[in-house]
>>> print(open('run-v3.cif').read())   # mmCIF, C-alpha atoms
data_query
loop_
_atom_site.label_atom_id
_atom_site.label_comp_id
_atom_site.auth_asym_id
_atom_site.auth_seq_id
_atom_site.Cartn_x
_atom_site.Cartn_y
_atom_site.Cartn_z
CA MET A 483 2.66 14.76 23.54
CA SER A 484 -0.67 14.46 25.26
CA ALA A 485 -2.55 14.61 21.98
CA GLU A 486 -0.51 11.81 20.43
CA PRO A 487 -2.59 8.80 21.57
CA LEU A 488 -5.85 10.44 20.52
CA LEU A 489 -4.47 11.38 17.10
CA PHE A 490 -2.90 7.97 16.60
CA TRP A 491 -6.13 6.13 17.34
CA LEU A 492 -8.15 8.51 15.15
CA PHE A 493 -5.89 8.12 12.12
CA ALA A 494 -5.36 4.40 12.69
CA ALA A 495 -9.15 4.00 12.71
CA CYS A 496 -9.29 6.00 9.46
CA ALA A 497 -6.69 3.73 7.87
CA VAL A 498 -8.31 0.49 8.99
CA ALA A 499 -11.83 1.63 8.07
CA GLY A 500 -10.64 2.80 4.66
CA GLY A 501 -8.79 -0.45 4.10
CA LEU A 502 -11.80 -2.54 5.11
CA MET A 503 -14.11 -0.60 2.80
CA ALA A 504 -11.56 -0.81 -0.03
CA VAL A 505 -11.62 -4.58 0.29
CA LEU A 506 -15.33 -5.12 1.02
CA LEU A 507 -17.23 -2.59 -1.13
CA PRO A 508 -18.57 -4.34 -4.22
CA ARG A 509 -17.98 -1.52 -6.69
CA ILE A 510 -14.38 -0.96 -7.59
CA VAL A 511 -14.79 2.82 -7.90
CA HIS A 512 -16.01 3.01 -4.31
CA ALA A 513 -13.09 0.83 -3.28
CA VAL A 514 -10.61 3.24 -4.85
CA PHE A 515 -12.17 6.19 -3.03
CA SER A 516 -12.08 4.24 0.25
CA LEU A 517 -8.42 3.61 -0.45
CA LEU A 518 -8.04 7.39 -0.51
CA LEU A 519 -9.31 7.48 3.10
CA CYS A 520 -6.92 4.69 4.01
CA PHE A 521 -3.89 6.38 2.44
CA VAL A 522 -4.65 9.73 4.06
CA GLY A 523 -5.01 7.93 7.39
CA VAL A 524 -1.67 6.18 6.90
CA ALA A 525 0.01 9.47 5.95
CA SER A 526 -1.43 11.06 9.10
CA VAL A 527 -0.09 8.15 11.18
CA TYR A 528 3.33 8.84 9.67
CA ALA A 529 2.96 12.48 10.66
CA VAL A 530 1.98 11.51 14.21
CA ALA A 531 5.07 9.29 14.35
CA GLY A 532 7.25 12.25 13.42
CA ALA A 533 8.02 11.07 9.88
CA ASP A 534 7.05 14.35 8.21
CA PHE A 535 8.83 13.80 4.89
CA LEU A 536 7.38 10.31 4.51
CA ALA A 537 3.90 11.66 5.24
CA ILE A 538 4.21 14.15 2.39
CA VAL A 539 5.71 11.53 0.06
CA GLN A 540 2.85 9.20 0.92
CA LEU A 541 0.33 11.88 -0.05
CA VAL A 542 2.12 12.88 -3.25
CA VAL A 543 2.96 9.41 -4.54
CA TYR A 544 -0.03 7.38 -3.39
CA VAL A 545 -2.87 9.88 -3.52
CA GLY A 546 -1.47 11.91 -6.39
CA GLY A 547 0.02 9.06 -8.36
CA VAL A 548 -1.16 5.56 -7.61
CA LEU A 549 -4.81 6.42 -6.95
CA VAL A 550 -5.05 8.55 -10.08
CA LEU A 551 -3.48 5.70 -12.06
CA MET A 552 -6.07 3.33 -10.61
CA ALA A 553 -8.88 5.73 -11.47
CA PHE A 554 -7.61 5.88 -15.06
CA GLY A 555 -7.37 2.10 -15.08
CA ILE A 556 -11.02 1.84 -14.07
CA LEU A 557 -12.05 4.45 -16.64
CA LEU A 558 -10.28 2.50 -19.36
CA THR A 559 -11.50 -0.96 -18.40
CA GLY A 560 -14.92 -0.80 -16.74
CA ARG A 561 -17.47 -0.64 -19.49
CA THR A 562 -20.00 -3.12 -18.19
CA ALA A 563 -21.06 -4.06 -14.70
CA GLU A 564 -19.61 -7.49 -15.22
CA ALA A 565 -16.27 -6.14 -16.36
CA LEU A 566 -16.21 -3.96 -13.28
CA GLY A 567 -16.41 -7.05 -11.12
CA VAL A 568 -19.64 -6.04 -9.43
CA LYS A 569 -20.54 -9.68 -9.08
CA GLU A 570 -20.14 -11.48 -5.82
CA ALA A 571 -16.60 -11.82 -4.53
CA ARG A 572 -14.83 -15.12 -5.03
CA ASN A 573 -13.39 -17.26 -2.21
CA ARG A 574 -15.13 -15.23 0.47
CA LYS A 575 -14.67 -17.82 3.20
CA VAL A 576 -11.05 -18.46 2.27
CA GLY A 577 -10.39 -14.72 2.39
CA VAL A 578 -11.87 -14.27 5.86
CA VAL A 579 -10.12 -17.34 7.25
CA LEU A 580 -6.81 -16.35 5.70
CA ALA A 581 -7.03 -12.77 6.98
CA VAL A 582 -7.87 -13.88 10.52
CA ALA A 583 -5.12 -16.51 10.47
CA VAL A 584 -2.52 -14.06 9.16
CA PHE A 585 -3.50 -11.44 11.72
CA ALA A 586 -3.45 -13.99 14.56
CA GLY A 587 -0.04 -15.24 13.47
CA LEU A 588 1.41 -11.76 13.17
CA TRP A 589 -0.10 -10.74 16.50
CA ALA A 590 1.33 -13.82 18.22
CA ALA A 591 4.75 -13.05 16.76
CA ILE A 592 4.51 -9.39 17.83
CA THR A 593 3.48 -10.16 21.40
CA LYS A 594 6.14 -12.85 21.78
CA SER A 595 8.96 -10.62 20.61
CA GLN A 596 9.74 -8.58 23.69
CA GLY A 597 13.35 -7.98 22.77
CA PHE A 598 12.98 -4.68 20.94
CA LYS A 599 14.98 -1.88 22.47
CA VAL A 600 12.28 0.74 22.67
CA GLY A 601 14.12 4.01 22.80
CA GLY A 602 12.22 6.63 20.90
CA ILE A 603 13.56 9.55 18.92
CA ALA A 604 12.02 12.91 19.60
CA ALA A 605 9.01 13.31 17.35
CA GLY A 606 8.85 16.80 15.97
CA GLU A 607 12.37 17.07 14.57
CA PRO A 608 12.34 17.58 10.81
CA THR A 609 13.55 14.44 9.06
CA SER A 610 14.13 15.67 5.52
CA GLU A 611 17.72 16.81 6.10
CA GLY A 612 18.77 13.52 7.66
CA LEU A 613 16.95 11.51 5.00
CA GLY A 614 18.60 13.48 2.20
CA LYS A 615 22.05 12.96 3.70
CA LEU A 616 21.43 9.23 4.15
CA LEU A 617 20.10 8.84 0.61
CA LEU A 618 23.14 10.53 -0.93
CA THR A 619 25.78 8.86 1.25
CA ASP A 620 25.02 5.45 2.76
CA TYR A 621 22.19 4.57 0.39
CA ILE A 622 23.50 6.11 -2.83
CA VAL A 623 23.69 2.79 -4.71
CA PRO A 624 20.12 1.68 -3.89
CA PHE A 625 19.01 5.24 -4.65
CA GLU A 626 20.50 5.10 -8.15
CA PHE A 627 19.09 1.62 -8.70
CA ALA A 628 15.66 2.90 -7.65
CA SER A 629 15.85 5.64 -10.29
CA LEU A 630 16.89 3.07 -12.90
CA LEU A 631 14.05 0.80 -11.81
CA LEU A 632 11.53 3.62 -12.15
CA LEU A 633 12.80 4.42 -15.65
CA VAL A 634 12.66 0.77 -16.73
CA ALA A 635 9.22 0.26 -15.17
CA LEU A 636 7.72 3.33 -16.83
CA VAL A 637 9.25 2.55 -20.26
CA GLY A 638 8.07 -1.04 -19.84
CA ALA A 639 4.55 0.08 -18.91
CA ALA A 640 4.40 2.39 -21.94
CA TYR A 641 5.62 -0.48 -24.13
CA LEU A 642 3.04 -2.87 -22.69
CA VAL A 643 0.04 -0.66 -23.37
CA ARG A 644 0.93 0.17 -26.96
CA ARG A 645 -1.27 -1.21 -29.67
CA PRO A 646 0.64 -2.75 -32.55
CA GLY A 647 -0.24 -1.24 -35.90
CA ARG A 648 -1.39 2.13 -34.59
CA MET B 1417 -2.45 5.40 27.62
CA THR B 1418 0.71 6.14 25.68
CA ILE B 1419 1.34 4.88 22.20
CA GLY B 1420 4.19 2.39 21.88
CA LEU B 1421 5.91 0.42 19.17
CA TYR B 1422 3.39 -2.40 19.51
CA HIS B 1423 0.52 -0.14 18.49
CA TYR B 1424 2.26 0.55 15.19
CA LEU B 1425 3.03 -3.15 14.69
CA GLY B 1426 -0.58 -4.04 15.45
CA LEU B 1427 -1.88 -1.49 12.96
CA GLY B 1428 0.53 -2.86 10.37
CA ALA B 1429 -0.62 -6.43 11.02
CA ALA B 1430 -4.28 -5.40 10.71
CA LEU B 1431 -3.72 -3.62 7.39
CA PHE B 1432 -1.67 -6.56 6.08
CA ALA B 1433 -4.45 -9.01 6.95
CA ILE B 1434 -7.05 -6.76 5.26
CA GLY B 1435 -4.86 -6.52 2.17
CA ILE B 1436 -4.39 -10.27 1.93
CA ALA B 1437 -8.17 -10.73 2.21
CA GLY B 1438 -8.57 -8.27 -0.66
CA VAL B 1439 -6.10 -10.12 -2.86
CA VAL B 1440 -7.90 -13.41 -2.26
CA THR B 1441 -11.50 -12.22 -2.64
CA ARG B 1442 -11.48 -9.61 -5.41
CA ARG B 1443 -12.46 -10.57 -8.92
CA ASN B 1444 -11.38 -7.32 -10.51
CA ALA B 1445 -7.67 -7.15 -11.27
CA ILE B 1446 -7.56 -3.57 -9.99
CA GLY B 1447 -9.04 -4.87 -6.72
CA LEU B 1448 -6.06 -7.19 -6.43
CA LEU B 1449 -3.78 -4.22 -6.93
CA ILE B 1450 -5.59 -2.40 -4.10
CA GLY B 1451 -4.90 -5.36 -1.81
CA VAL B 1452 -1.21 -5.38 -2.70
CA GLU B 1453 -0.94 -1.65 -2.04
CA LEU B 1454 -2.56 -2.14 1.38
CA MET B 1455 0.03 -4.80 2.23
CA LEU B 1456 2.91 -2.53 1.17
CA ASN B 1457 1.48 0.26 3.33
CA ALA B 1458 1.31 -2.14 6.27
CA ALA B 1459 5.01 -2.87 5.87
CA ASN B 1460 5.71 0.85 5.75
CA ILE B 1461 3.77 1.46 8.96
CA ASN B 1462 5.96 -1.13 10.68
CA LEU B 1463 9.09 0.59 9.36
CA VAL B 1464 7.89 4.01 10.53
CA GLY B 1465 7.06 2.54 13.94
CA PHE B 1466 10.56 1.09 14.24
CA SER B 1467 11.99 4.43 13.16
CA ARG B 1468 10.00 6.25 15.80
CA TYR B 1469 10.97 3.89 18.62
CA GLY B 1470 14.69 3.58 18.35
CA GLY B 1471 15.42 2.60 14.76
CA GLY B 1472 16.56 5.98 13.56
CA LEU B 1473 16.20 7.37 10.08
CA ASP B 1474 17.45 4.27 8.21
CA ALA B 1475 14.03 2.67 8.58
CA GLN B 1476 12.45 5.68 6.89
CA VAL B 1477 14.88 5.32 3.96
CA PHE B 1478 13.65 1.75 3.58
CA ALA B 1479 10.07 3.00 3.64
CA LEU B 1480 10.92 5.47 0.88
CA PHE B 1481 12.28 2.67 -1.29
CA VAL B 1482 9.13 0.64 -0.64
CA ILE B 1483 7.04 3.59 -1.86
CA VAL B 1484 9.16 3.83 -5.03
CA LEU B 1485 8.70 0.12 -5.67
CA ALA B 1486 4.95 0.41 -5.07
CA ALA B 1487 4.67 3.21 -7.62
CA ALA B 1488 6.61 1.26 -10.24
CA GLU B 1489 4.56 -1.85 -9.51
CA ALA B 1490 1.28 0.03 -9.85
CA ALA B 1491 2.31 1.42 -13.26
CA VAL B 1492 3.34 -1.98 -14.64
CA ALA B 1493 0.33 -3.77 -13.13
CA LEU B 1494 -2.10 -1.28 -14.65
CA ALA B 1495 -0.39 -1.66 -18.02
CA ILE B 1496 -0.91 -5.43 -17.75
CA VAL B 1497 -4.56 -4.89 -16.72
CA LEU B 1498 -5.14 -2.66 -19.76
CA GLN B 1499 -3.59 -5.27 -22.07
CA LEU B 1500 -5.77 -7.95 -20.43
CA PHE B 1501 -8.86 -5.82 -21.06
CA ASP B 1502 -7.78 -5.21 -24.65
CA LYS B 1503 -7.48 -8.95 -25.29
CA ARG B 1504 -10.44 -10.26 -23.30
CA SER B 1505 -12.85 -7.33 -22.71
CA ASP B 1506 -12.99 -7.98 -18.98
CA VAL B 1507 -10.62 -7.84 -16.04
CA ASP B 1508 -11.92 -10.82 -14.08
CA VAL B 1509 -8.84 -12.65 -12.84
CA ASP B 1510 -10.71 -15.94 -12.56
CA ARG B 1511 -11.49 -15.93 -16.26
CA ALA B 1512 -7.97 -14.99 -17.32
CA ASN B 1513 -6.90 -18.60 -17.13
CA THR B 1514 -5.36 -19.32 -20.49
CA LEU B 1515 -1.66 -19.23 -21.09
CA LYS B 1516 -1.86 -19.03 -24.89
CA GLY B 1517 -1.91 -15.46 -26.08
#
>>> encode(input="run-v3.cif", output="structure tokens")
Amino acid sequence: MSAEPLLFWLFAACAVAGGLMAVLLPRIVHAVFSLLLCFVGVASVYAVAGADFLAIVQLVVYVGGVLVLMAFGILLTGRTAEALGVKEARNRKVGVVLAVAVFAGLWAAITKSQGFKVGGIAAGEPTSEGLGKLLLTDYIVPFEFASLLLLVALVGAAYLVRRPGR
Amino acid sequence: MTIGLYHYLGLGAALFAIGIAGVVTRRNAIGLLIGVELMLNAANINLVGFSRYGGGLDAQVFALFVIVLAAAEAAVALAIVLQLFDKRSDVDVDRANTLKG
């Protein structure tokens, strides 16, 4: 338990630094690799919080799936510097103001809401058994809909990228 | 200093704000997608924090569904980006401003 605060701050710093670089770096390839740092940091935060199965899913789906998809997307679209969006960012001031305002609002809401019953489950228990039971009992209908949604989304994506006449 | 629920909520709020800044400032459509993924991760961090501090495993089931939705969304969004590039030879969202195909 004594290592938990240190690990949390380390991985939270990883996630925030990766997120900041993913948003601020001008080249989109660098942004995707910074997003890798952010996702690994978030997965480690899950692990620190005792959500072991979610940490692994985060690594497999985001790092192994979404980031690779994004890398392919960049490979297939970025031929010129202009197409890569290397130019100056748009709405820079609006972005900064909006981010600060959203964070301030969320922070105010968080600090005002003192009514959470903070109990705390024991971190360190494996969660996969409980998650599997919940998914196949209480959440069976959303689970099946999620599989249907994935099928429809992937068929739809394959349909969208086809080229007529080839 | 022990870590409490509010640390997780604060981290989630920070990532959400960063993601929203990314959505607003990026020109590249894939940059927008990065911002949206950051915001979904922020929501997941909140859910995991609630799960850790009294919420039980149901919050983690919600986080799993969010990850599924994010994966599906990334696939469809990248398909749209590829079609956009096919039609216009760039992925600048500011210049994709015509409704006629």
>>> resolve_selection(input="run-v3.cif", expression="the PyMOL selection byres ((chain A and resi 531) around 9)", output="ChimeraX atom specification")
/A:486,490,526-530,532-534,605-606 /B:1464-1465,1467-1468
>>> write_last_selection(input="run-v3.cif", atoms="C-alpha atoms", output="PDB file, keeping the file's coordinate frame")
ATOM      1  CA  GLU A 486      -0.510  11.810  20.430  1.00  0.00           C
ATOM      2  CA  PHE A 490      -2.900   7.970  16.600  1.00  0.00           C
ATOM      3  CA  SER A 526      -1.430  11.060   9.100  1.00  0.00           C
ATOM      4  CA  VAL A 527      -0.090   8.150  11.180  1.00  0.00           C
ATOM      5  CA  TYR A 528       3.330   8.840   9.670  1.00  0.00           C
ATOM      6  CA  ALA A 529       2.960  12.480  10.660  1.00  0.00           C
ATOM      7  CA  VAL A 530       1.980  11.510  14.210  1.00  0.00           C
ATOM      8  CA  GLY A 532       7.250  12.250  13.420  1.00  0.00           C
ATOM      9  CA  ALA A 533       8.020  11.070   9.880  1.00  0.00           C
ATOM     10  CA  ASP A 534       7.050  14.350   8.210  1.00  0.00           C
ATOM     11  CA  ALA A 605       9.010  13.310  17.350  1.00  0.00           C
ATOM     12  CA  GLY A 606       8.850  16.800  15.970  1.00  0.00           C
TER      13      GLY A 606
ATOM     14  CA  VAL B1464       7.890   4.010  10.530  1.00  0.00           C
ATOM     15  CA  GLY B1465       7.060   2.540  13.940  1.00  0.00           C
ATOM     16  CA  SER B1467      11.990   4.430  13.160  1.00  0.00           C
ATOM     17  CA  ARG B1468      10.000   6.250  15.800  1.00  0.00           C
TER      18      ARG B1468
END
>>> closest_residue(input="run-v3.cif", among="A:Leu631, A:Val582, A:Leu502, A:Ile510", to="Gly1435 in chain B", atoms="all atoms listed in the file")
A:Leu502
>>> atom_distance(input="run-v3.cif", atom1="CA of Val634 in chain A", atom2="CA of Ile1461 in chain B")
27.2 Å
>>> residues_near_point(input="run-v3.cif", point="(-0.2, -9.7, 2.9)", cutoff="9 Å", atoms="all atoms listed in the file", output="count of residues only")
17
>>> resolve_selection(input="run-v3.cif", expression="the PyMOL selection byres ((chain B and resi 1483-1486) around 9)", output="list in words")
Val539, Gln540, Val543, Tyr544, Val548, Ala628, Ser629, Leu631 and Leu632 of chain A; Val1452, Glu1453, Leu1456, Asn1457, Asn1460, Phe1478, Ala1479, Leu1480, Phe1481, Val1482, Ala1487, Ala1488, Glu1489, Ala1490 and Ala1491 of chain B
>>> write_last_selection(input="run-v3.cif", atoms="C-alpha atoms", output="short mmCIF file (atom, residue, chain, number, x, y, z; two decimals), in the frame of the given file")
data_model
loop_
_atom_site.label_atom_id
_atom_site.label_comp_id
_atom_site.auth_asym_id
_atom_site.auth_seq_id
_atom_site.Cartn_x
_atom_site.Cartn_y
_atom_site.Cartn_z
CA VAL A 539 5.71 11.53 0.06
CA GLN A 540 2.85 9.20 0.92
CA VAL A 543 2.96 9.41 -4.54
CA TYR A 544 -0.03 7.38 -3.39
CA VAL A 548 -1.16 5.56 -7.61
CA ALA A 628 15.66 2.90 -7.65
CA SER A 629 15.85 5.64 -10.29
CA LEU A 631 14.05 0.80 -11.81
CA LEU A 632 11.53 3.62 -12.15
CA VAL B 1452 -1.21 -5.38 -2.70
CA GLU B 1453 -0.94 -1.65 -2.04
CA LEU B 1456 2.91 -2.53 1.17
CA ASN B 1457 1.48 0.26 3.33
CA ASN B 1460 5.71 0.85 5.75
CA PHE B 1478 13.65 1.75 3.58
CA ALA B 1479 10.07 3.00 3.64
CA LEU B 1480 10.92 5.47 0.88
CA PHE B 1481 12.28 2.67 -1.29
CA VAL B 1482 9.13 0.64 -0.64
CA ALA B 1487 4.67 3.21 -7.62
CA ALA B 1488 6.61 1.26 -10.24
CA GLU B 1489 4.56 -1.85 -9.51
CA ALA B 1490 1.28 0.03 -9.85
CA ALA B 1491 2.31 1.42 -13.26
#
>>> resolve_selection(input="run-v3.cif", expression="the PyMOL selection byres ((chain B and resi 1442) around 12)", output="ChimeraX atom specification")
/A:504-510,513,566-574,576-577 /B:1434-1441,1443-1452,1507-1510
>>> atom_distance(input="run-v3.cif", atom1="CA of Asp620 in chain A", atom2="CA of Ala525 in chain A")
25.5 Å
>>> closest_residue(input="run-v3.cif", among="A:Ile622, A:Leu519, A:Leu613, A:Leu557", to="chain B", atoms="only C-alpha atoms")
A:Leu613
>>> atom_distance(input="run-v3.cif", atom1="CA of Leu633 in chain A", atom2="CA of Gly546 in chain A")
18.6 Å
>>> closest_residue(input="run-v3.cif", among="B:Ala1495, B:Asp1506, B:Gly1470, B:Phe1501", to="Leu551 in chain A", atoms="only C-alpha atoms")
B:Ala1495
>>> axis_aligned_box(input="run-v3.cif", around="range 1476-1484 of chain B", padding_each_side="8 Å", output="JSON")
{"center_x": 11.0, "center_y": 3.2, "center_z": 0.9, "size_x": 23.8, "size_y": 21.0, "size_z": 27.9}
>>> closest_residue(input="run-v3.cif", among="B:Leu1498, B:Ala1493, B:Ala1475, B:Ala1512", to="Asn1462 in chain B", atoms="only C-alpha atoms")
B:Ala1475
>>> closest_residue(input="run-v3.cif", among="A:His512, A:Lys594, A:Lys575, A:Lys615", to="Gly500 in chain A", atoms="all atoms listed in the file")
A:His512
>>> residues_around(input="run-v3.cif", residues="Val498 in chain A", least_positions_apart="3", cutoff="8 Å", atoms="all atoms listed in the file", output="number ranges by chain")
A: 494-495, 501-502, 520; B: 1427, 1430-1431
>>> write_last_selection(input="run-v3.cif", atoms="C-alpha atoms", output="PDB file, in the coordinates of the input")
ATOM      1  CA  ALA A 494      -5.360   4.400  12.690  1.00  0.00           C
ATOM      2  CA  ALA A 495      -9.150   4.000  12.710  1.00  0.00           C
ATOM      3  CA  GLY A 501      -8.790  -0.450   4.100  1.00  0.00           C
ATOM      4  CA  LEU A 502     -11.800  -2.540   5.110  1.00  0.00           C
ATOM      5  CA  CYS A 520      -6.920   4.690   4.010  1.00  0.00           C
TER       6      CYS A 520
ATOM      7  CA  LEU B1427      -1.880  -1.490  12.960  1.00  0.00           C
ATOM      8  CA  ALA B1430      -4.280  -5.400  10.710  1.00  0.00           C
ATOM      9  CA  LEU B1431      -3.720  -3.620   7.390  1.00  0.00           C
TER      10      LEU B1431
END
>>> decode(input="run-v3.cif", residues="range 494-521 of chain A", atoms="N, CA and C atoms", output="CSV table (one decimal), in the first residue's frame")
chain,number,residue,atom,x,y,z
A,494,ALA,N,0.1,8.9,-13.4
A,494,ALA,CA,-0.8,10.0,-13.8
A,494,ALA,C,0.0,11.0,-14.5
A,495,ALA,N,1.2,11.3,-14.1
A,495,ALA,CA,2.1,12.2,-14.8
A,495,ALA,C,2.4,11.8,-16.2
A,496,CYS,N,2.6,10.4,-16.4
A,496,CYS,CA,2.8,9.9,-17.7
A,496,CYS,C,1.6,10.1,-18.6
A,497,ALA,N,0.4,9.9,-18.0
A,497,ALA,CA,-0.8,10.0,-18.8
A,497,ALA,C,-1.0,11.5,-19.2
A,498,VAL,N,-0.8,12.4,-18.2
A,498,VAL,CA,-1.1,13.8,-18.6
A,498,VAL,C,0.0,14.3,-19.5
A,499,ALA,N,1.2,14.0,-19.3
A,499,ALA,CA,2.3,14.4,-20.2
A,499,ALA,C,2.0,13.9,-21.6
A,500,GLY,N,1.7,12.6,-21.7
A,500,GLY,CA,1.4,12.0,-23.0
A,500,GLY,C,0.2,12.7,-23.7
A,501,GLY,N,-0.8,13.0,-22.9
A,501,GLY,CA,-2.0,13.6,-23.5
A,501,GLY,C,-1.6,15.0,-24.0
A,502,LEU,N,-0.9,15.8,-23.2
A,502,LEU,CA,-0.5,17.1,-23.6
A,502,LEU,C,0.3,17.1,-24.8
A,503,MET,N,1.3,16.2,-24.9
A,503,MET,CA,2.1,16.1,-26.1
A,503,MET,C,1.3,15.7,-27.3
A,504,ALA,N,0.3,14.8,-27.1
A,504,ALA,CA,-0.5,14.3,-28.2
A,504,ALA,C,-1.4,15.4,-28.8
A,505,VAL,N,-1.7,16.4,-27.9
A,505,VAL,CA,-2.5,17.5,-28.4
A,505,VAL,C,-1.7,18.7,-28.9
A,506,LEU,N,-0.4,18.9,-28.4
A,506,LEU,CA,0.3,20.0,-28.7
A,506,LEU,C,1.4,19.8,-29.8
A,507,LEU,N,1.9,18.6,-30.0
A,507,LEU,CA,3.0,18.4,-31.0
A,507,LEU,C,2.4,18.7,-32.4
A,508,PRO,N,3.2,19.4,-33.2
A,508,PRO,CA,2.6,19.8,-34.5
A,508,PRO,C,2.5,18.6,-35.4
A,509,ARG,N,3.4,17.6,-35.4
A,509,ARG,CA,3.3,16.5,-36.3
A,509,ARG,C,2.4,15.4,-35.8
A,510,ILE,N,1.6,14.9,-36.7
A,510,ILE,CA,0.5,14.0,-36.2
A,510,ILE,C,1.1,12.7,-35.8
A,511,VAL,N,2.3,12.3,-36.5
A,511,VAL,CA,2.9,11.0,-36.1
A,511,VAL,C,3.4,11.1,-34.7
A,512,HIS,N,4.1,12.2,-34.4
A,512,HIS,CA,4.6,12.4,-33.0
A,512,HIS,C,3.4,12.3,-32.0
A,513,ALA,N,2.3,12.9,-32.4
A,513,ALA,CA,1.1,12.9,-31.5
A,513,ALA,C,0.7,11.5,-31.2
A,514,VAL,N,0.6,10.7,-32.3
A,514,VAL,CA,0.2,9.3,-32.1
A,514,VAL,C,1.1,8.6,-31.1
A,515,PHE,N,2.4,8.8,-31.3
A,515,PHE,CA,3.4,8.1,-30.4
A,515,PHE,C,3.3,8.7,-29.0
A,516,SER,N,3.0,10.0,-28.8
A,516,SER,CA,2.7,10.5,-27.5
A,516,SER,C,1.5,9.9,-26.8
A,517,LEU,N,0.5,9.6,-27.7
A,517,LEU,CA,-0.7,9.0,-27.2
A,517,LEU,C,-0.4,7.6,-26.7
A,518,LEU,N,0.6,6.9,-27.3
A,518,LEU,CA,1.0,5.6,-26.7
A,518,LEU,C,1.4,5.8,-25.3
A,519,LEU,N,2.3,6.8,-25.0
A,519,LEU,CA,2.7,7.1,-23.6
A,519,LEU,C,1.5,7.3,-22.7
A,520,CYS,N,0.5,8.1,-23.2
A,520,CYS,CA,-0.7,8.4,-22.4
A,520,CYS,C,-1.5,7.1,-22.1
A,521,PHE,N,-1.7,6.3,-23.1
A,521,PHE,CA,-2.5,5.1,-22.9
A,521,PHE,C,-1.8,4.1,-22.0
